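Participant: After the structure tokens below, expect a handful of questions from me.
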Amino acid sequence: MSLYEVPITKLSGIGEKRAALFRKLGIETVGDMITYYPRSYDNWSATTPIAELQPDENCVVRAKVATPVNNIRISGGRTMAKLSVCDDTGYLNLVFFNNKYISSMLRYGEEYLFMGRVAYDKYGYQMVSPEFNKLTDSETITPVYHLTAGLNNHMMIRAAKEALSMLPAEIRDPLPADALQRYDLCPLSFALNNVHFPADLQAMETARRRLIFEELLTLNLGMRLMKSQSHEQTAMHFCDDYTAEFIEKLPFTLTGAQQRAVGDCVADMRDKPSPMNRLIQGDVGSGKTAVCAAVCYHTVKNGCQAAFMAPTEILAQQHYETFRKMFADTDVRVELLTGSMTAAEKRKARARIESGESDIVIGTHALVSESTVFAKLGCAITDEQHRFGVAQRARLASKGEHPHVLVLSATPIPRTLGLIIYGDLDITIIDELPPGRTEVETYFIGTDKRDRALGFLKKQVEEGRQCYIVCPLVEESEGVDELQNANDYAAELMLGPFRDISVGILHGKMKAKDKEKVMAQFAANEISILVSTTVVEVGVDVKNATVMMIENAERFGLSTLHQLRGRVGRGEHKSYCILVSDNQGESTEQRLGVMCRTNNGFEIADMDLKLRGPGDFFGNRQHGLPQLSIADFSDTETLAQSQEAAESILRTSPDLSDEALRPLRAKIRKLFETTENTMN
Ligand code: ADP
Ligand code: MG
């Protein structure tokens with residue numbers, strides 16, 4: 001029987017109540033406990049003599065208990081335990097709060113290891129609530145687990161130890177023997193034991209590297225399998241090229257890069273035995289929508305429907321308006337389908353989609369709901385794909401018989417990661433902006449200069465321009481309602497500096513109808529200053545807007561800031577971005593400094609990756625990847641090796657049906673079974 005079938009309650013000291021806490025951490029079985037890897041380790045081997053302790057540093061001290069424990073009652077019914085310990089070089093005072101067991105755990109005259117932050121006051125060195133350990137030479141490195149309220153690290157350590165003791169002597173290794181050898185990886189049982197309780201640092205590294213490799217390999221294989229399934233069948237072939245006649249109707253000439261993108265798509269849809277599976281990557285404002293429209297027109301003229309899925313209502317709405325204009329003097333019928341439409345509206349729209357009366361359908365997630373049925377879907381397009389999960393994209397494609405697939409992204413991604421996230425997607429890069437764009441001038445200011453900045457906005461409005469203000473972020477924990485916050489902020493402006501100016505509010509929690517109304521008013525220049533939360537982040541296009549002012553700029557990722565800035569500088573007027581922040585931290589200065597220095601999205605993404613690390617940058621959720629338990633994408637060498645191994649395995653067994661690969665198949669299933677419910 002697999003340990004994944006043995007409930008966690010089989011471990012001693014874990015009853016139903018405690019099991020509920022483990023479940024919060026995703027641990028339901030003994031197997032889950034074994035694969036619940038430590039988030040870090042405490043190294044007890046590097047001890048510091050007491051005389052050499054440095055205040056404010058985290059240190060390990062090897063010392064004897066030199067005084068009895070003194071239990072003191074303090075206010076609020078709490079207790080404090082005080083004692084001193086010593087080594088050959090000096091004394092150290094220890095303080096513990098609310099732990100009545102200290103006197104039984106720390107015995108006078110015995111030696112222990114203490115780990116904690118060192119403080120220094122008039123009584124000498126001190127540690128408050130240090131971790132401590134009885135001296136054992138075999139366990140100098142101890143695991144530190146992610147916890148939840150009610151579970152402490154000691155309980156986790158106990159559970160992990162007992163779970164590991166239940167491992168059978170012979171475990172079947174999911175990794176093929178030749179991969180183990182080729183990449184110099186340790187056996188599974190060594191890895192599992194040493195990832196929790198490493199014999200030494202070297203063993204810990206060896207164990208982790210193997211498990212990271214295994215997880216990345218599993219991820220790679222899973223992603224590739226998903227893709228290859230969509231490749232099995234032949235597609236519809238669109239032999240006649242209709243894009244030229246559409247492009248002629250556009251009010252502008254396509255840039256060279258846009259033209260190449262259209263050409264790539266047309267070729268994919270005509271020549272290949274399998275459907276198009278292409279990613280178009282282009283900075284904000286590079287004109288991806290027009291490319292998409294041409295592809296949609298081409299699809300419709302070849303007798304099929306096209307679907308265009310956007311991540312937000314506002315964006316879907318805007319694409320719909322844009323398309324309606326672009327297709328005004330054609331016979332192509334454009335349909336909108338979003339979650340906020342009334343039941344009756346949706347029903348009618350769906351009926352037209354199912355009967356084939358609609359040619360191009362633009363919408364939100366509503367497009368992939370079960371009740372949406374296409375008469376003949378030939379091309380499925382996803383905008384700002386990083387907001388959707390892999391599975392959602394796949395679900396849109398499943399609405400047709402292996403339709404062509406196109407995804408659009410404004411977020412550049414390094415190649416190794418692109419391979420995982422996009423698998424075998426072909427990539428077109430739009431590296432040219434439409435003519436006449438000027439760089440957005442960017443400033444980073446403290447709140448002391450806010451009034452001056454608002455004065456500048458006012459002047460822009462007097463010259464006929466419009467501005468966005470992204471209002472200060474609030475977190476739920478601050479107990480302030482987001483909507484209330486936006487309202488208050490706007491009210492303050494309307495009563496103060498913008499008394500004579502029309503100010504509008506746009507907020508994520510507003511009804512779609514109200515949002516639309518505000519957006520329409522802004523687009524018609526009936527609203528001069530739009531105060532919003534980040535809902536304006538994607539796509540919104542108002543050429544007359546020239547200032548983007550962002551409060552609490554330090555709270556946003558660089559990519560988000562870049563997207564926000566992309567809302568201005570879209571027309572002929574000189575545009576500005578003002579980042580407001582009082583955060584003096586070095587990383588804030590660095591990050592906001594990058595924004596001031598460059599307008600290049602690729603450069604900014606690179607910087608973001610360097611400053612924040614890939615873990616944050618490629619938040620798994622963002623990309624709809626499964627939750628990883630030990631790997632992240634920062635270890636590029638292991639990443640590359642796992643990719644190589646995946647390719648080699650797929651060469652010999654393209655669908656992994658090989659009997660020897662059964663354990664690996666089970667791993668893939670397990671990894672991906674959580675994907676669906678971790679996605680938004
Ligand atoms: P993004 O790539 O960020 O989605 P959009 O498709 O929204 O960019 O295009 C940004 C703006 O540029 C739109 O107002 C669009 O009409 C305009 N545009 C697109 N292509 C061209 C072009 N070749 N020449 C001039 N303007 C263009
Ligand atoms: Mg766009």
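In the structure tokens, each chain is lettered A, B, ... as it comes, each chain's residues begin at 1, and ligands are numbered from 1 in order of appearance.
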Quick one: contact table of chain A to ligand 1, 10 Å max, nearest atom pair and distance in Å to one decimal per residue, counting only C-alpha atoms and all ligand atoms, chain and number order, as CSV?
Facilitator:
```
residue,atom,partner,partner_atom_place_in_ligand_line,distance
A:Ile247,CA,ligand 1,23 (N),9.9
A:Leu250,CA,ligand 1,22 (C),8.9
A:Pro251,CA,ligand 1,25 (C),8.0
A:Phe252,CA,ligand 1,24 (N),4.9
A:Thr253,CA,ligand 1,23 (N),5.0
A:Leu254,CA,ligand 1,23 (N),3.6
A:Thr255,CA,ligand 1,23 (N),4.6
A:Gly256,CA,ligand 1,23 (N),8.3
A:Ala257,CA,ligand 1,23 (N),9.0
A:Gln258,CA,ligand 1,23 (N),7.1
A:Gln259,CA,ligand 1,23 (N),8.9
A:Ile280,CA,ligand 1,2 (O),9.4
A:Gln281,CA,ligand 1,2 (O),8.5
A:Gly282,CA,ligand 1,2 (O),6.0
A:Asp283,CA,ligand 1,2 (O),6.1
A:Val284,CA,ligand 1,3 (O),3.5
A:Gly285,CA,ligand 1,8 (O),3.5
A:Ser286,CA,ligand 1,2 (O),4.0
A:Gly287,CA,ligand 1,6 (O),3.3
A:Lys288,CA,ligand 1,2 (O),3.8
A:Thr289,CA,ligand 1,6 (O),3.6
A:Ala290,CA,ligand 1,6 (O),5.6
A:Val291,CA,ligand 1,6 (O),7.7
A:Cys292,CA,ligand 1,6 (O),8.5
A:Ala293,CA,ligand 1,6 (O),9.5
A:Leu315,CA,ligand 1,7 (O),9.9
A:Gln318,CA,ligand 1,7 (O),9.4
A:His319,CA,ligand 1,7 (O),8.5
A:Thr322,CA,ligand 1,16 (O),8.2
A:Met326,CA,ligand 1,16 (O),9.8
A:Asp383,CA,ligand 1,4 (O),8.2
A:Glu384,CA,ligand 1,4 (O),8.4
A:Leu408,CA,ligand 1,4 (O),8.2
A:Ser409,CA,ligand 1,2 (O),8.2
A:Ala410,CA,ligand 1,3 (O),7.0
A:Ile430,CA,ligand 1,2 (O),8.6
A:Glu432,CA,ligand 1,23 (N),9.4
A:Leu433,CA,ligand 1,22 (C),7.7
A:Pro434,CA,ligand 1,24 (N),4.5
A:Pro435,CA,ligand 1,24 (N),6.2
A:Gly436,CA,ligand 1,25 (C),8.0
A:Arg437,CA,ligand 1,25 (C),9.0
A:Val538,CA,ligand 1,3 (O),8.1
A:Gly539,CA,ligand 1,7 (O),5.8
A:Val540,CA,ligand 1,7 (O),7.4
A:Asp541,CA,ligand 1,14 (O),5.9
A:Val542,CA,ligand 1,14 (O),7.5
A:Lys543,CA,ligand 1,14 (O),6.8
A:Gln563,CA,ligand 1,3 (O),8.5
A:Gly566,CA,ligand 1,3 (O),7.5
A:Arg567,CA,ligand 1,3 (O),8.7
A:Gly569,CA,ligand 1,11 (C),9.6
A:Arg570,CA,ligand 1,11 (C),6.1
A:Gly571,CA,ligand 1,14 (O),7.7
```
Participant: Considering only helix (DSSP H, G or I) as DSSP defines it on the backbone, what residues of region 176-335 of chain A qualify? List them as number ranges by chain.
Facilitator: A: 177-182, 188-196, 201-229, 243-249, 256-271, 288-301, 313-326
Participant: Near region 215-226 of chain A, within 7 Å and counting only C-alpha atoms, which residues show up once chain neighbours fewer than 4 positions away are dropped, as a ChimeraX atom specification?
Facilitator: /A:211,230,420,423,631,639,642-643,646,667-668
Participant: Between A:Lys517, A:Ala344, A:Lys17, A:Pro174, which one has atoms that come closest to Arg662 (chain A), using only C-alpha atoms?
Facilitator: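 Looking only at the distances to Arg662 (chain A), the closest residue turns out to be A:Pro174.
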Participant: From the options A:Phe308, A:Phe633, A:Phe374, A:Phe327, which residue's atoms come nearest to Arg350 (chain A), counting only C-alpha atoms?
Facilitator: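 Smallest distance to Arg350 (chain A) is found for A:Phe374.
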Participant: Please identify all polymer residues within 12 Å of Ser45 (chain A), counting only C-alpha atoms, omitting same-chain residues fewer than 3 positions from it, and present them as a PyMOL selection string.
Facilitator: chain A and resi 41-42+48+59-62+113-115+133+135-142+199-201
Participant: Quick one: residues within 12 Å of Asn302 (chain A), only C-alpha atoms counted, chain neighbours fewer than 4 positions away excluded, as a count of residues only?
Facilitator: 22
Participant: For Leu21 (chain A), which residue out of A:Gly504, A:Pro68, A:Leu147, A:Ile74 is the nearest one, using only C-alpha atoms?
Facilitator: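 Ranked by minimum distance to Leu21 (chain A), first place goes to A:Leu147.
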Participant: Val361 (chain A): which residues within 8 Å, counting only C-alpha atoms, same-chain residues fewer than 5 positions away excluded, as a list in words?
Facilitator: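 Residues meeting the cut-off are Gln305, Ala306, Ala307, Phe308, Val334, Glu335, Leu336, Leu337 and Ile353 of chain A.
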Participant: Please, could you write that set of residues out with N, CA, C and O atoms as a PDB file, in the first residue's frame?
Facilitator:
```pdb
ATOM      1  N   GLN A 305     -15.373  30.284 -36.808  1.00  0.00           N
ATOM      2  CA  GLN A 305     -15.526  31.325 -35.792  1.00  0.00           C
ATOM      3  C   GLN A 305     -14.202  31.550 -35.067  1.00  0.00           C
ATOM      4  O   GLN A 305     -13.354  30.659 -35.019  1.00  0.00           O
ATOM      5  N   ALA A 306     -14.065  32.740 -34.495  1.00  0.00           N
ATOM      6  CA  ALA A 306     -12.878  33.027 -33.688  1.00  0.00           C
ATOM      7  C   ALA A 306     -13.329  33.468 -32.302  1.00  0.00           C
ATOM      8  O   ALA A 306     -14.353  34.137 -32.167  1.00  0.00           O
ATOM      9  N   ALA A 307     -12.586  33.063 -31.278  1.00  0.00           N
ATOM     10  CA  ALA A 307     -12.890  33.489 -29.911  1.00  0.00           C
ATOM     11  C   ALA A 307     -11.698  34.246 -29.364  1.00  0.00           C
ATOM     12  O   ALA A 307     -10.548  33.893 -29.614  1.00  0.00           O
ATOM     13  N   PHE A 308     -11.981  35.316 -28.615  1.00  0.00           N
ATOM     14  CA  PHE A 308     -10.926  36.173 -28.093  1.00  0.00           C
ATOM     15  C   PHE A 308     -11.220  36.384 -26.614  1.00  0.00           C
ATOM     16  O   PHE A 308     -12.189  37.049 -26.258  1.00  0.00           O
ATOM     17  N   VAL A 334     -19.654  40.617 -34.717  1.00  0.00           N
ATOM     18  CA  VAL A 334     -18.870  40.530 -33.480  1.00  0.00           C
ATOM     19  C   VAL A 334     -19.814  40.404 -32.288  1.00  0.00           C
ATOM     20  O   VAL A 334     -20.797  41.134 -32.188  1.00  0.00           O
ATOM     21  N   GLU A 335     -19.518  39.481 -31.409  1.00  0.00           N
ATOM     22  CA  GLU A 335     -20.378  39.197 -30.251  1.00  0.00           C
ATOM     23  C   GLU A 335     -19.597  39.427 -28.966  1.00  0.00           C
ATOM     24  O   GLU A 335     -18.380  39.214 -28.932  1.00  0.00           O
ATOM     25  N   LEU A 336     -20.301  39.868 -27.914  1.00  0.00           N
ATOM     26  CA  LEU A 336     -19.659  40.007 -26.600  1.00  0.00           C
ATOM     27  C   LEU A 336     -20.301  39.028 -25.624  1.00  0.00           C
ATOM     28  O   LEU A 336     -21.514  38.860 -25.612  1.00  0.00           O
ATOM     29  N   LEU A 337     -19.490  38.357 -24.828  1.00  0.00           N
ATOM     30  CA  LEU A 337     -20.042  37.457 -23.812  1.00  0.00           C
ATOM     31  C   LEU A 337     -19.230  37.577 -22.529  1.00  0.00           C
ATOM     32  O   LEU A 337     -18.079  37.157 -22.469  1.00  0.00           O
ATOM     33  N   ILE A 353     -24.026  32.178 -30.799  1.00  0.00           N
ATOM     34  CA  ILE A 353     -22.711  31.549 -30.946  1.00  0.00           C
ATOM     35  C   ILE A 353     -22.884  30.099 -31.385  1.00  0.00           C
ATOM     36  O   ILE A 353     -22.193  29.602 -32.271  1.00  0.00           O
TER      37      ILE A 353
END
```
Participant: Which residue gives the smallest distance to Met519 (chain A) among A:Thr588, A:Gln181, A:Thr638, A:Gln317, with only C-alpha atoms counted?
Facilitator: A:Gln317
Participant: Go through A:Ser575, A:Thr533, A:Asn600, A:Thr382 and flag the residue nearest ligand 2, using only C-alpha atoms and all ligand atoms for the distances.
Facilitator: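 Ranking A:Ser575, A:Thr533, A:Asn600, A:Thr382 by distance to ligand 2, first place goes to A:Thr382.
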Participant: Which one is closest to Arg158 (chain A): A:Gly109, A:Gly26, A:Gly90, A:Gly13? Count only C-alpha atoms.
Facilitator: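 Closest residue, counting only C-alpha atoms: A:Gly13.
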